[in-house]
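Enquirer: Pasting in a structure now, in structure tokens, and then I'll have a few things to ask.
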Amino acid sequence: MDIWKSKGFSISTKKEYLDVELIHNFLSQEAYWSKGIPKETVIKSIEHTALCFGVYKGEVDHGGSQQVGFARVVSDLATFAYLSDVFILPEYRKLGLSKWLMDIICNHHELKEVRRFMLATNDAHSLYKKFGFEEISNPERLMQKVRQFPYQ
């Protein structure tokens with residue numbers, strides 16, 4: 001089981017520790033990319049994601065911790081990974097938690113050999129650039145199919 005600890009916080013990939021209510025509340029009410037997302041969709045996305053990272057105040061494996069952040073990596077763990085739903089609750093920002101989380105994700109043993117690691121962001125380019133992410137050099141090669149759901 002992957003657990004990292006530092007300065008009164010911990011990060012774990014164990015899905016059983018995740019506070020789905022907190023994750024859903026943030027994604028559906030605060031995140032610009034998923035406002036209104038149904039709880040069932042959040043649950044399904046977690047269940048079918050290769051690696052989910054919960055950030056906790058306290059030691060998550062000793063009880064009494066509180067979830068303060070989240071990220072998930074959709075991946076085949078070999079050739080492709082997509083970083084999604086990254087957040088730290090507003091009251092815990094500016095503590096270095098997002099940098100710590102990204103360091104753990106980028107150096108995770110299951111992800112170190114992934115050839116293409118992608119993400120989309122509206123406002124955190126400077127954070128991700130610190131971890132080697134860069135703007136797409138040939139965006140004309142990428143395509144997408146977007147379905148409009150009521151929550152988008």
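Ordering of the structure tokens sets the chain letters (A, B, ...); residue numbers start at 1 within each chain; ligands are numbered from 1 in the order shown.
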Within 9 Å of segment 134-149 of chain A, counting only C-alpha atoms, which residues qualify if same-chain residues fewer than 4 places away don't, as a ChimeraX atom specification?

Expert: /A:37,125,128-129

Enquirer: Keeping only N, CA, C and O atoms, write those residues as a tab-separated table (two decimals), in the first residue's frame.

Expert:
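result-v1.tsv written:
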chain	number	residue	atom	x	y	z
A	37	ILE	N	-21.68	17.79	-11.60
A	37	ILE	CA	-21.48	16.37	-11.91
A	37	ILE	C	-22.22	15.50	-10.89
A	37	ILE	O	-22.16	15.74	-9.69
A	125	HIS	N	-0.88	26.14	-15.09
A	125	HIS	CA	0.25	25.83	-15.97
A	125	HIS	C	1.58	25.89	-15.24
A	125	HIS	O	2.44	25.03	-15.44
A	128	TYR	N	2.29	22.69	-13.16
A	128	TYR	CA	2.57	21.49	-13.94
A	128	TYR	C	3.89	21.60	-14.72
A	128	TYR	O	4.57	20.60	-14.91
A	129	LYS	N	4.26	22.79	-15.13
A	129	LYS	CA	5.54	22.97	-15.83
A	129	LYS	C	6.71	22.59	-14.93
A	129	LYS	O	7.72	22.09	-15.41

Enquirer: Find the spatial neighbours of His62 of chain A, counting only C-alpha atoms, within a cut-off of 12 Å - ignore same-chain residues fewer than 2 positions away - and output them as a ChimeraX atom specification.

Expert: /A:3,5,9-10,17,56-60,64-66

Enquirer: Take the residues from that selection and write them out as an mmCIF file, in the first residue's frame, keeping all heavy atoms.

Expert:
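So again29.cif came out as:
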data_model
loop_
_atom_site.group_PDB
_atom_site.id
_atom_site.type_symbol
_atom_site.label_atom_id
_atom_site.label_comp_id
_atom_site.auth_asym_id
_atom_site.auth_seq_id
_atom_site.Cartn_x
_atom_site.Cartn_y
_atom_site.Cartn_z
ATOM 1 N N ILE A 3 1.610 4.880 0.956
ATOM 2 C CA ILE A 3 1.287 5.993 1.850
ATOM 3 C C ILE A 3 2.551 6.812 2.036
ATOM 4 O O ILE A 3 3.625 6.269 2.288
ATOM 5 C CB ILE A 3 0.769 5.520 3.222
ATOM 6 C CG1 ILE A 3 -0.562 4.789 3.070
ATOM 7 C CG2 ILE A 3 0.603 6.710 4.167
ATOM 8 C CD1 ILE A 3 -1.145 4.275 4.370
ATOM 9 N N LYS A 5 4.012 10.418 4.066
ATOM 10 C CA LYS A 5 3.703 11.306 5.194
ATOM 11 C C LYS A 5 4.711 12.444 5.258
ATOM 12 O O LYS A 5 5.904 12.236 5.028
ATOM 13 C CB LYS A 5 3.726 10.522 6.503
ATOM 14 C CG LYS A 5 2.697 9.415 6.553
ATOM 15 C CD LYS A 5 2.805 8.595 7.822
ATOM 16 C CE LYS A 5 1.823 7.424 7.760
ATOM 17 N NZ LYS A 5 1.845 6.615 8.966
ATOM 18 N N PHE A 9 0.629 15.743 7.292
ATOM 19 C CA PHE A 9 -0.260 15.370 6.200
ATOM 20 C C PHE A 9 0.164 14.009 5.659
ATOM 21 O O PHE A 9 1.281 13.566 5.871
ATOM 22 C CB PHE A 9 -0.209 16.411 5.070
ATOM 23 C CG PHE A 9 -0.841 17.717 5.452
ATOM 24 C CD1 PHE A 9 -0.087 18.720 6.053
ATOM 25 C CD2 PHE A 9 -2.189 17.956 5.221
ATOM 26 C CE1 PHE A 9 -0.662 19.926 6.413
ATOM 27 C CE2 PHE A 9 -2.774 19.155 5.573
ATOM 28 C CZ PHE A 9 -2.006 20.147 6.175
ATOM 29 N N SER A 10 -0.748 13.365 4.952
ATOM 30 C CA SER A 10 -0.418 12.103 4.303
ATOM 31 C C SER A 10 -1.118 12.022 2.955
ATOM 32 O O SER A 10 -2.122 12.693 2.717
ATOM 33 C CB SER A 10 -0.797 10.910 5.194
ATOM 34 O OG SER A 10 -2.134 10.958 5.593
ATOM 35 N N TYR A 17 -9.871 4.823 1.610
ATOM 36 C CA TYR A 17 -9.720 6.006 2.464
ATOM 37 C C TYR A 17 -10.408 7.245 1.898
ATOM 38 O O TYR A 17 -10.600 8.228 2.609
ATOM 39 C CB TYR A 17 -8.234 6.341 2.666
ATOM 40 C CG TYR A 17 -7.439 5.339 3.465
ATOM 41 C CD1 TYR A 17 -6.088 5.158 3.190
ATOM 42 C CD2 TYR A 17 -8.007 4.602 4.497
ATOM 43 C CE1 TYR A 17 -5.329 4.265 3.928
ATOM 44 C CE2 TYR A 17 -7.252 3.695 5.229
ATOM 45 C CZ TYR A 17 -5.915 3.538 4.934
ATOM 46 O OH TYR A 17 -5.161 2.649 5.666
ATOM 47 N N TYR A 56 -4.512 14.001 2.821
ATOM 48 C CA TYR A 56 -5.197 14.019 4.113
ATOM 49 C C TYR A 56 -4.432 14.838 5.140
ATOM 50 O O TYR A 56 -3.199 14.792 5.189
ATOM 51 C CB TYR A 56 -5.345 12.586 4.651
ATOM 52 C CG TYR A 56 -6.019 11.668 3.672
ATOM 53 C CD1 TYR A 56 -5.278 10.963 2.728
ATOM 54 C CD2 TYR A 56 -7.403 11.526 3.662
ATOM 55 C CE1 TYR A 56 -5.898 10.130 1.798
ATOM 56 C CE2 TYR A 56 -8.025 10.700 2.741
ATOM 57 C CZ TYR A 56 -7.265 10.005 1.806
ATOM 58 O OH TYR A 56 -7.886 9.193 0.892
ATOM 59 N N LYS A 57 -5.178 15.541 5.959
ATOM 60 C CA LYS A 57 -4.589 16.175 7.139
ATOM 61 C C LYS A 57 -4.576 15.095 8.205
ATOM 62 O O LYS A 57 -5.617 14.518 8.530
ATOM 63 C CB LYS A 57 -5.419 17.373 7.594
ATOM 64 C CG LYS A 57 -4.822 18.078 8.781
ATOM 65 C CD LYS A 57 -5.636 19.293 9.188
ATOM 66 C CE LYS A 57 -4.966 19.969 10.369
ATOM 67 N NZ LYS A 57 -5.764 21.106 10.838
ATOM 68 N N GLY A 58 -3.403 14.789 8.728
ATOM 69 C CA GLY A 58 -3.258 13.703 9.685
ATOM 70 C C GLY A 58 -2.758 12.444 9.004
ATOM 71 O O GLY A 58 -2.517 12.426 7.796
ATOM 72 N N GLU A 59 -2.604 11.407 9.787
ATOM 73 C CA GLU A 59 -2.116 10.122 9.272
ATOM 74 C C GLU A 59 -3.303 9.259 8.879
ATOM 75 O O GLU A 59 -3.992 8.713 9.741
ATOM 76 C CB GLU A 59 -1.232 9.430 10.310
ATOM 77 C CG GLU A 59 0.037 10.203 10.593
ATOM 78 C CD GLU A 59 1.021 9.437 11.451
ATOM 79 O OE1 GLU A 59 0.898 8.200 11.565
ATOM 80 O OE2 GLU A 59 1.905 10.094 12.016
ATOM 81 N N VAL A 60 -3.522 9.122 7.591
ATOM 82 C CA VAL A 60 -4.706 8.453 7.075
ATOM 83 C C VAL A 60 -4.792 7.001 7.530
ATOM 84 O O VAL A 60 -5.882 6.479 7.734
ATOM 85 C CB VAL A 60 -4.792 8.578 5.539
ATOM 86 C CG1 VAL A 60 -3.698 7.766 4.869
ATOM 87 C CG2 VAL A 60 -6.159 8.172 5.033
ATOM 88 N N GLY A 64 -8.687 9.283 12.195
ATOM 89 C CA GLY A 64 -8.746 10.670 12.632
ATOM 90 C C GLY A 64 -8.235 11.665 11.601
ATOM 91 O O GLY A 64 -8.029 12.828 11.917
ATOM 92 N N SER A 65 -8.034 11.229 10.377
ATOM 93 C CA SER A 65 -7.557 12.144 9.344
ATOM 94 C C SER A 65 -8.746 12.761 8.604
ATOM 95 O O SER A 65 -9.859 12.259 8.661
ATOM 96 C CB SER A 65 -6.647 11.421 8.359
ATOM 97 O OG SER A 65 -7.380 10.435 7.675
ATOM 98 N N GLN A 66 -8.454 13.852 7.908
ATOM 99 C CA GLN A 66 -9.475 14.548 7.135
ATOM 100 C C GLN A 66 -8.948 14.749 5.723
ATOM 101 O O GLN A 66 -7.840 15.256 5.541
ATOM 102 C CB GLN A 66 -9.760 15.910 7.779
ATOM 103 C CG GLN A 66 -10.643 16.815 6.983
ATOM 104 C CD GLN A 66 -10.669 18.231 7.533
ATOM 105 O OE1 GLN A 66 -10.134 18.524 8.599
ATOM 106 N NE2 GLN A 66 -11.294 19.125 6.799
#

Enquirer: Which residues are near Lys99 of chain A? Cut-off 9 Å, only C-alpha atoms, ignore same chain within fewer than 6 positions. Put them as JSON, numbers by chain.

Expert: {"A": [127, 128, 130, 131]}

Enquirer: Rank nothing, just name the residue among A:Leu111, A:Val42, A:Leu18, A:Leu119 nearest to Ala78 of chain A, using only C-alpha atoms.

Expert: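 Comparing A:Leu111, A:Val42, A:Leu18, A:Leu119 against Ala78 of chain A, the winner is A:Leu111.
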
Enquirer: DSSP says helix (DSSP H, G or I) for which residues of chain A? Put them as number ranges by chain?

Expert: A: 15-17, 20-29, 39-47, 60-62, 90-92, 97-107, 125-129, 139-141

Enquirer: Pick out the residues sitting within 12 Å of Phe80 of chain A, and hand them over as a PyMOL selection string; count only C-alpha atoms, and ignore anything fewer than 5 positions along from it in its own chain.

Expert: chain A and resi 50+73-75+110-119

Enquirer: Identify, on the basis of only C-alpha atoms, every residue whose closest approach to Ser28 of chain A does not exceed 10 Å; exclude the query and any residue fewer than 3 positions from it along the same chain; express the result as a PDB file with N, CA and C atoms, in the first residue's frame.

Expert:
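Writing the result to out30.pdb gives the following:
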ATOM      1  N   LEU A  22     -16.858  14.400   0.058  1.00  0.00           N
ATOM      2  CA  LEU A  22     -16.011  15.577  -0.087  1.00  0.00           C
ATOM      3  C   LEU A  22     -15.589  15.760  -1.542  1.00  0.00           C
ATOM      4  N   ILE A  23     -15.165  14.680  -2.186  1.00  0.00           N
ATOM      5  CA  ILE A  23     -14.738  14.744  -3.580  1.00  0.00           C
ATOM      6  C   ILE A  23     -15.900  15.208  -4.455  1.00  0.00           C
ATOM      7  N   HIS A  24     -17.050  14.596  -4.281  1.00  0.00           N
ATOM      8  CA  HIS A  24     -18.220  14.983  -5.075  1.00  0.00           C
ATOM      9  C   HIS A  24     -18.601  16.439  -4.827  1.00  0.00           C
ATOM     10  N   ASN A  25     -18.626  16.845  -3.569  1.00  0.00           N
ATOM     11  CA  ASN A  25     -18.994  18.234  -3.264  1.00  0.00           C
ATOM     12  C   ASN A  25     -18.060  19.217  -3.945  1.00  0.00           C
ATOM     13  N   ALA A  31     -15.257  23.014  -8.736  1.00  0.00           N
ATOM     14  CA  ALA A  31     -14.357  22.811  -9.880  1.00  0.00           C
ATOM     15  C   ALA A  31     -14.993  23.330 -11.168  1.00  0.00           C
ATOM     16  N   TYR A  32     -14.275  24.179 -11.900  1.00  0.00           N
ATOM     17  CA  TYR A  32     -14.815  24.741 -13.142  1.00  0.00           C
ATOM     18  C   TYR A  32     -15.067  23.664 -14.196  1.00  0.00           C
ATOM     19  N   TRP A  33     -14.373  22.553 -14.120  1.00  0.00           N
ATOM     20  CA  TRP A  33     -14.465  21.530 -15.163  1.00  0.00           C
ATOM     21  C   TRP A  33     -15.594  20.525 -14.936  1.00  0.00           C
ATOM     22  N   SER A  34     -16.238  20.564 -13.765  1.00  0.00           N
ATOM     23  CA  SER A  34     -17.232  19.514 -13.496  1.00  0.00           C
ATOM     24  C   SER A  34     -18.425  19.981 -12.666  1.00  0.00           C
ATOM     25  N   LYS A  35     -18.731  21.251 -12.698  1.00  0.00           N
ATOM     26  CA  LYS A  35     -19.868  21.752 -11.902  1.00  0.00           C
ATOM     27  C   LYS A  35     -21.127  20.949 -12.213  1.00  0.00           C
ATOM     28  N   GLY A  36     -21.798  20.529 -11.162  1.00  0.00           N
ATOM     29  CA  GLY A  36     -23.043  19.789 -11.308  1.00  0.00           C
ATOM     30  C   GLY A  36     -22.892  18.308 -11.593  1.00  0.00           C
ATOM     31  N   ILE A  37     -21.678  17.794 -11.597  1.00  0.00           N
ATOM     32  CA  ILE A  37     -21.477  16.374 -11.908  1.00  0.00           C
ATOM     33  C   ILE A  37     -22.221  15.497 -10.890  1.00  0.00           C
ATOM     34  N   PRO A  38     -22.956  14.514 -11.346  1.00  0.00           N
ATOM     35  CA  PRO A  38     -23.692  13.646 -10.423  1.00  0.00           C
ATOM     36  C   PRO A  38     -22.741  12.792  -9.568  1.00  0.00           C
ATOM     37  N   LYS A  39     -23.171  12.495  -8.364  1.00  0.00           N
ATOM     38  CA  LYS A  39     -22.370  11.680  -7.460  1.00  0.00           C
ATOM     39  C   LYS A  39     -22.091  10.303  -8.054  1.00  0.00           C
ATOM     40  N   VAL A  42     -19.118  10.471 -10.296  1.00  0.00           N
ATOM     41  CA  VAL A  42     -17.867  10.573  -9.532  1.00  0.00           C
ATOM     42  C   VAL A  42     -17.475   9.199  -8.994  1.00  0.00           C
ATOM     43  N   TYR A 151     -24.358  18.631 -16.667  1.00  0.00           N
ATOM     44  CA  TYR A 151     -23.433  19.198 -15.683  1.00  0.00           C
ATOM     45  C   TYR A 151     -22.273  19.931 -16.331  1.00  0.00           C
TER      46      TYR A 151
END

Enquirer: Measuring atom to atom with only C-alpha atoms, identify which of A:Leu89, A:Leu27, A:Ala71, A:Ile43 is nearest to Leu101 of chain A.

Expert: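 The closest residue to Leu101 of chain A is A:Ala71.
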
Enquirer: Could you pull out the strand (DSSP E) residues of chain A from DSSP and send them as a ChimeraX atom specification?

Expert: /A:3-6,9-12,51-57,66-75,80-88,116-119

Enquirer: Find the residue from A:Glu16, A:Ile11, A:Gly69, A:Glu40 that sits nearest to Arg93 of chain A; use only C-alpha atoms when measuring.

Expert: A:Gly69

Enquirer: Skip Thr49 of chain A itself and residues of its chain fewer than 4 positions away, then list as an MDAnalysis selection string all residues within 12 Å of it, counting only C-alpha atoms.

Expert: chainID A and resid 13:15 42:45 53 71:77 81:85
